[in-house]
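Worksheet: the structure to be examined is printed underneath.
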Amino acid sequence: MNEIFFKIEENSANARIDKYISENAENMTRSAVQKLIAEGCVTVNGKIPDKNLKIKTGDEITVNMPEPEICEALPENIPLDIVYEDDDLLVVNKPRGMVVHPATGNYTGTLVNALMYHCGDRLSSINGIIRPGIVHRIDKDTSGLLIVAKNDFAHNILAEQIKEHSFTRKYQAVVIGNVKDDTGTVNAPIGRHQTDRKKMAVTLKNSRNAVTHYKVIARYNGYTHVELTLETGRTHQIRVHMAYIGHPVAGDPVYSGKKYLTKLNGQCLHAYYISFTHPRTNEILAFSAPLPEYFTDFLKSIQ
């Protein structure tokens, strides 16, 4: 059973508990939260609350997420671009268009399906049977590097590195417009969009701190090629932050608005570099993945 913990800050006080959890827990509807409350899977300060309880500053909420009873993912012989592999982990270069783990509408063809075929039962179980081995994720239409844990020992240590920000992740992107400064930092909290639950947004309500550092690589007519380093790892962080400063990622169908480029068939965003400490040997490992063809073709088209 996975456990999610929240400590209520002042700006979230007086919200209904079911609404707060649904807005802050990933992929969870309000009705699903109410069901968990009814089943005794949610506690506030150690006690089971009513579904319409209004939370207070300092409240400590624990959500116990039952594991799915049936694994929807089955092994599939899908080729993997494996950059590194040993007995504890592997680093995979995920292609754009591949979903990381099964979810509604995507039960086959995912990275997890491919990993189950390649690794068999040698994958960590911490994130449940739907997401074996998955320590962190990137979006379907983002390409690039992911670390996969083969056992719970490796998974726990890698997850702690992410939490402590000692896990380096760098991306390259093409964004719309001319980014004014050569370097900069976007420090703006991210939470669930207030009216569109499929989107994230910069908001002070029910949000978590989010920090993205950027550096200009090259400038083109109407576009900027940038390197982005994540200090935190919020859902859609780069896409939300760049749109927030007026430079959405080229081809992003969700956050580009009227600037959306349909010809790209997805955002021009690639996780090209990753560095971390090996959980067993304590060796610092670093890997990079070259820009994929869709990315280099777009750069050529705007030069």
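Just remember, in the structure tokens the first chain shown is A, the second B, etc., residues are 1-based per chain, and ligands are 1-based in the order shown.
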
Inset, instruction - Write out as number ranges by chain all residues of stretch 85-172 of chain A that backbone DSSP assigns to helix (DSSP H, G or I). - result: A: 111-119, 152-163

Inset, instruction - For A:Tyr260, please output as a VMD selection string all residues within 9 Å (counting only C-alpha atoms; exclusion window: fewer than 5 positions along the same chain). - result: chain A and resid 248 to 255

Report as a Markdown table: every residue of stretch 19-137 of chain A with an atom at most 9 Å from stretch 200-214 of chain A, its closest pair of atoms, and their distance in Å to one decimal, counting only C-alpha atoms, with rows sorted by chain and ascending residue number.
```
| residue | atom | partner | partner_atom | distance |
| --- | --- | --- | --- | --- |
| A:Tyr20 | CA | A:Asn206 | CA | 7.2 |
| A:Glu23 | CA | A:Asn206 | CA | 7.2 |
| A:Asn24 | CA | A:Asn206 | CA | 6.6 |
```

Legend entry - Contacts of A:Asn156 within 10 Å, only C-alpha atoms, excl. fewer than 5 positions in-chain, as a list in words: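 So, after excluding close chain neighbours, the residues are Ser124, Ile126, Val135, Ala149, Asn151, Gln161 and Pro279 of chain A.
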
Inset, instruction - Write out as a PyMOL selection string all residues of stretch 137-220 of chain A that backbone DSSP assigns to strand (DSSP E or B). - result: chain A and resi 143-149+168-176+183-187+190-192+200-202+207-208+211-220

Output C-alpha atoms of each residue in that selection to a file, as a JSON list (two decimals), in the first residue's frame.
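part_6.json was written with the following content:
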```json
[["chain", "number", "residue", "atom", "x", "y", "z"],
["A", 143, "SER", "CA", 11.82, 12.18, -25.29],
["A", 144, "GLY", "CA", 14.91, 11.32, -23.31],
["A", 145, "LEU", "CA", 16.50, 9.68, -20.30],
["A", 146, "LEU", "CA", 14.77, 7.84, -17.47],
["A", 147, "ILE", "CA", 16.20, 5.77, -14.62],
["A", 148, "VAL", "CA", 14.47, 2.46, -13.87],
["A", 149, "ALA", "CA", 15.05, 0.61, -10.57],
["A", 168, "THR", "CA", 20.60, 16.22, -11.84],
["A", 169, "ARG", "CA", 18.20, 16.37, -14.79],
["A", 170, "LYS", "CA", 18.85, 18.61, -17.78],
["A", 171, "TYR", "CA", 16.63, 19.11, -20.81],
["A", 172, "GLN", "CA", 16.89, 20.89, -24.14],
["A", 173, "ALA", "CA", 13.90, 22.60, -25.69],
["A", 174, "VAL", "CA", 12.94, 24.98, -28.43],
["A", 175, "VAL", "CA", 10.65, 27.67, -27.06],
["A", 176, "ILE", "CA", 8.59, 30.24, -28.88],
["A", 183, "THR", "CA", 20.37, 32.76, -18.22],
["A", 184, "GLY", "CA", 17.61, 32.88, -15.66],
["A", 185, "THR", "CA", 15.54, 31.08, -13.08],
["A", 186, "VAL", "CA", 11.79, 30.60, -12.87],
["A", 187, "ASN", "CA", 10.80, 30.20, -9.23],
["A", 190, "ILE", "CA", 2.86, 24.83, -9.42],
["A", 191, "GLY", "CA", -0.48, 23.23, -8.61],
["A", 192, "ARG", "CA", -3.50, 21.76, -10.33],
["A", 200, "MET", "CA", -1.12, 22.32, -14.14],
["A", 201, "ALA", "CA", -0.60, 26.04, -13.50],
["A", 202, "VAL", "CA", 1.46, 28.56, -11.59],
["A", 207, "SER", "CA", 0.63, 24.32, -4.89],
["A", 208, "ARG", "CA", 4.19, 23.14, -4.32],
["A", 211, "VAL", "CA", 12.25, 25.95, -9.63],
["A", 212, "THR", "CA", 13.57, 25.74, -13.20],
["A", 213, "HIS", "CA", 16.90, 27.18, -14.36],
["A", 214, "TYR", "CA", 17.37, 28.03, -18.05],
["A", 215, "LYS", "CA", 20.29, 28.93, -20.30],
["A", 216, "VAL", "CA", 20.10, 30.07, -23.92],
["A", 217, "ILE", "CA", 21.95, 27.83, -26.39],
["A", 218, "ALA", "CA", 21.03, 29.65, -29.61],
["A", 219, "ARG", "CA", 18.55, 32.19, -30.93],
["A", 220, "TYR", "CA", 16.59, 31.95, -34.16]]
```

Inset, instruction - Tell me, in Å to one decimal, how far atom CA of A:Ala13 is from atom CA of A:Glu39. - result: 24.1 Å

Legend entry - Nearest-residue call for A:Gly246, choices A:Gly266, A:Gly120, A:Pro290, A:Gly177, using only C-alpha atoms: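 Answer, going by the shortest atom-to-atom distance: A:Gly177.
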
Legend entry - Atomic separation - atom CA of A:Lys51 relative to atom CA of A:Asn64, Å: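 These two atoms are separated by 15.2 Å.
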
Inset, instruction - Would you kindly return, as a PyMOL selection string, each protein, DNA or RNA residue with an atom no farther than 9 Å from any atom of A:Leu123, considering only C-alpha atoms and excluding same-chain residues fewer than 5 positions away? - result: chain A and resi 88-89+115-116+132-134+148-152

Inset, instruction - Take atom CA of A:Gly257 and atom CA of A:Ala243 and report the distance between them in Å, one decimal. - result: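 Separation between atom CA of A:Gly257 and atom CA of A:Ala243: 9.2 Å.
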
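Excluding A:Glu293 itself and any same-chain residue fewer than 4 positions from it, the protein and nucleic acid residues within 12 Å of it, counting only C-alpha atoms, are Pro95, Arg96, Ser143, Leu264, Cys268, His270, Ala289, Asp297, Phe298, Leu299 and Lys300 of chain A.
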
Suppose we keep N, CA, C and O atoms; can you now write the selection as a short mmCIF file (atom, residue, chain, number, x, y, z; two decimals), in the first residue's frame?
```
data_model
loop_
_atom_site.label_atom_id
_atom_site.label_comp_id
_atom_site.auth_asym_id
_atom_site.auth_seq_id
_atom_site.Cartn_x
_atom_site.Cartn_y
_atom_site.Cartn_z
N PRO A 95 11.64 7.16 -26.42
CA PRO A 95 11.26 7.93 -27.60
C PRO A 95 10.03 8.79 -27.35
O PRO A 95 9.21 8.49 -26.47
N ARG A 96 9.91 9.86 -28.10
CA ARG A 96 8.70 10.68 -28.01
C ARG A 96 7.51 9.85 -28.49
O ARG A 96 7.61 9.06 -29.42
N SER A 143 10.87 13.28 -25.09
CA SER A 143 11.82 12.18 -25.29
C SER A 143 12.94 12.30 -24.26
O SER A 143 13.11 13.33 -23.62
N LEU A 264 4.62 19.99 -35.43
CA LEU A 264 5.60 19.27 -34.63
C LEU A 264 5.06 17.97 -34.04
O LEU A 264 5.81 17.11 -33.59
N CYS A 268 8.68 20.11 -28.43
CA CYS A 268 10.10 19.96 -28.76
C CYS A 268 10.89 20.02 -27.45
O CYS A 268 11.48 21.06 -27.10
N HIS A 270 13.43 17.51 -24.82
CA HIS A 270 14.22 16.29 -24.74
C HIS A 270 15.03 16.27 -23.46
O HIS A 270 15.79 17.21 -23.17
N ALA A 289 21.98 11.80 -23.84
CA ALA A 289 21.35 11.23 -25.03
C ALA A 289 21.31 12.30 -26.11
O ALA A 289 20.87 13.43 -25.85
N ASP A 297 15.65 18.12 -36.82
CA ASP A 297 14.95 18.54 -38.04
C ASP A 297 14.26 19.88 -37.83
O ASP A 297 14.26 20.74 -38.73
N PHE A 298 13.67 20.07 -36.66
CA PHE A 298 12.99 21.35 -36.39
C PHE A 298 14.01 22.48 -36.27
O PHE A 298 13.77 23.58 -36.79
N LEU A 299 15.15 22.22 -35.65
CA LEU A 299 16.20 23.25 -35.57
C LEU A 299 16.64 23.67 -36.98
O LEU A 299 16.82 24.88 -37.25
N LYS A 300 16.81 22.71 -37.87
CA LYS A 300 17.22 23.03 -39.24
C LYS A 300 16.16 23.88 -39.95
O LYS A 300 16.48 24.80 -40.72
#
```

Excluding A:Glu9 and residues on its chain fewer than 6 positions from it, collect all residues at most 9 Å away from it, counting only C-alpha atoms, and give them as a PDB file with all heavy atoms, in the first residue's frame.
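Okay, this is what ended up in part_10.pdb:
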```
ATOM      1  N   LYS A  56      -7.591  22.407   8.444  1.00  0.00           N
ATOM      2  CA  LYS A  56      -7.049  23.562   9.157  1.00  0.00           C
ATOM      3  C   LYS A  56      -5.530  23.608   8.999  1.00  0.00           C
ATOM      4  O   LYS A  56      -4.887  22.587   8.729  1.00  0.00           O
ATOM      5  CB  LYS A  56      -7.408  23.496  10.641  1.00  0.00           C
ATOM      6  CG  LYS A  56      -8.890  23.428  10.938  1.00  0.00           C
ATOM      7  CD  LYS A  56      -9.172  23.536  12.429  1.00  0.00           C
ATOM      8  CE  LYS A  56      -8.583  22.389  13.232  1.00  0.00           C
ATOM      9  NZ  LYS A  56      -9.204  21.101  12.917  1.00  0.00           N
ATOM     10  N   THR A  57      -4.962  24.785   9.185  1.00  0.00           N
ATOM     11  CA  THR A  57      -3.515  24.948   9.127  1.00  0.00           C
ATOM     12  C   THR A  57      -2.845  23.996  10.119  1.00  0.00           C
ATOM     13  O   THR A  57      -3.255  23.912  11.280  1.00  0.00           O
ATOM     14  CB  THR A  57      -3.120  26.395   9.471  1.00  0.00           C
ATOM     15  OG1 THR A  57      -3.765  27.287   8.563  1.00  0.00           O
ATOM     16  CG2 THR A  57      -1.612  26.588   9.384  1.00  0.00           C
ATOM     17  N   GLY A  58      -1.857  23.274   9.646  1.00  0.00           N
ATOM     18  CA  GLY A  58      -1.137  22.341  10.503  1.00  0.00           C
ATOM     19  C   GLY A  58      -1.682  20.925  10.490  1.00  0.00           C
ATOM     20  O   GLY A  58      -1.033  20.005  11.015  1.00  0.00           O
ATOM     21  N   ASP A  59      -2.864  20.712   9.910  1.00  0.00           N
ATOM     22  CA  ASP A  59      -3.409  19.357   9.824  1.00  0.00           C
ATOM     23  C   ASP A  59      -2.450  18.455   9.053  1.00  0.00           C
ATOM     24  O   ASP A  59      -1.836  18.878   8.061  1.00  0.00           O
ATOM     25  CB  ASP A  59      -4.768  19.356   9.118  1.00  0.00           C
ATOM     26  CG  ASP A  59      -5.911  19.742  10.038  1.00  0.00           C
ATOM     27  OD1 ASP A  59      -5.689  19.783  11.265  1.00  0.00           O
ATOM     28  OD2 ASP A  59      -7.026  19.987   9.537  1.00  0.00           O
ATOM     29  N   ASN A 206      -3.029  25.543  -3.170  1.00  0.00           N
ATOM     30  CA  ASN A 206      -2.777  24.096  -3.202  1.00  0.00           C
ATOM     31  C   ASN A 206      -1.607  23.745  -4.123  1.00  0.00           C
ATOM     32  O   ASN A 206      -1.691  22.835  -4.946  1.00  0.00           O
ATOM     33  CB  ASN A 206      -4.034  23.336  -3.644  1.00  0.00           C
ATOM     34  CG  ASN A 206      -5.197  23.571  -2.702  1.00  0.00           C
ATOM     35  OD1 ASN A 206      -5.003  23.779  -1.512  1.00  0.00           O
ATOM     36  ND2 ASN A 206      -6.409  23.545  -3.235  1.00  0.00           N
TER      37      ASN A 206
END
```

Mind dumping a table of every stretch 111-189 of chain A residue within 6 Å of stretch 75-81 of chain A, with the nearest atom pair and its distance in Å to one decimal, using only C-alpha atoms, sorted by chain and rising number, as CSV?
```
residue,atom,partner,partner_atom,distance
A:Asn113,CA,A:Pro75,CA,4.8
A:Ala114,CA,A:Ile78,CA,5.1
A:Met116,CA,A:Pro75,CA,4.8
A:Tyr117,CA,A:Pro75,CA,4.4
```

Inset, instruction - Check the smallest atom-to-atom distance from each of A:Gln303, A:Ala15, A:Ile55, A:Val83 to A:Ser288 using only C-alpha atoms, then report the winner. - result: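 Closest residue, counting only C-alpha atoms: A:Val83.
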
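Minimum atom-to-atom distances from A:Ser22, A:Asn2, A:Asn11, A:Gln34 to A:Gln194 were compared using only C-alpha atoms, and the lowest value belongs to A:Ser22.
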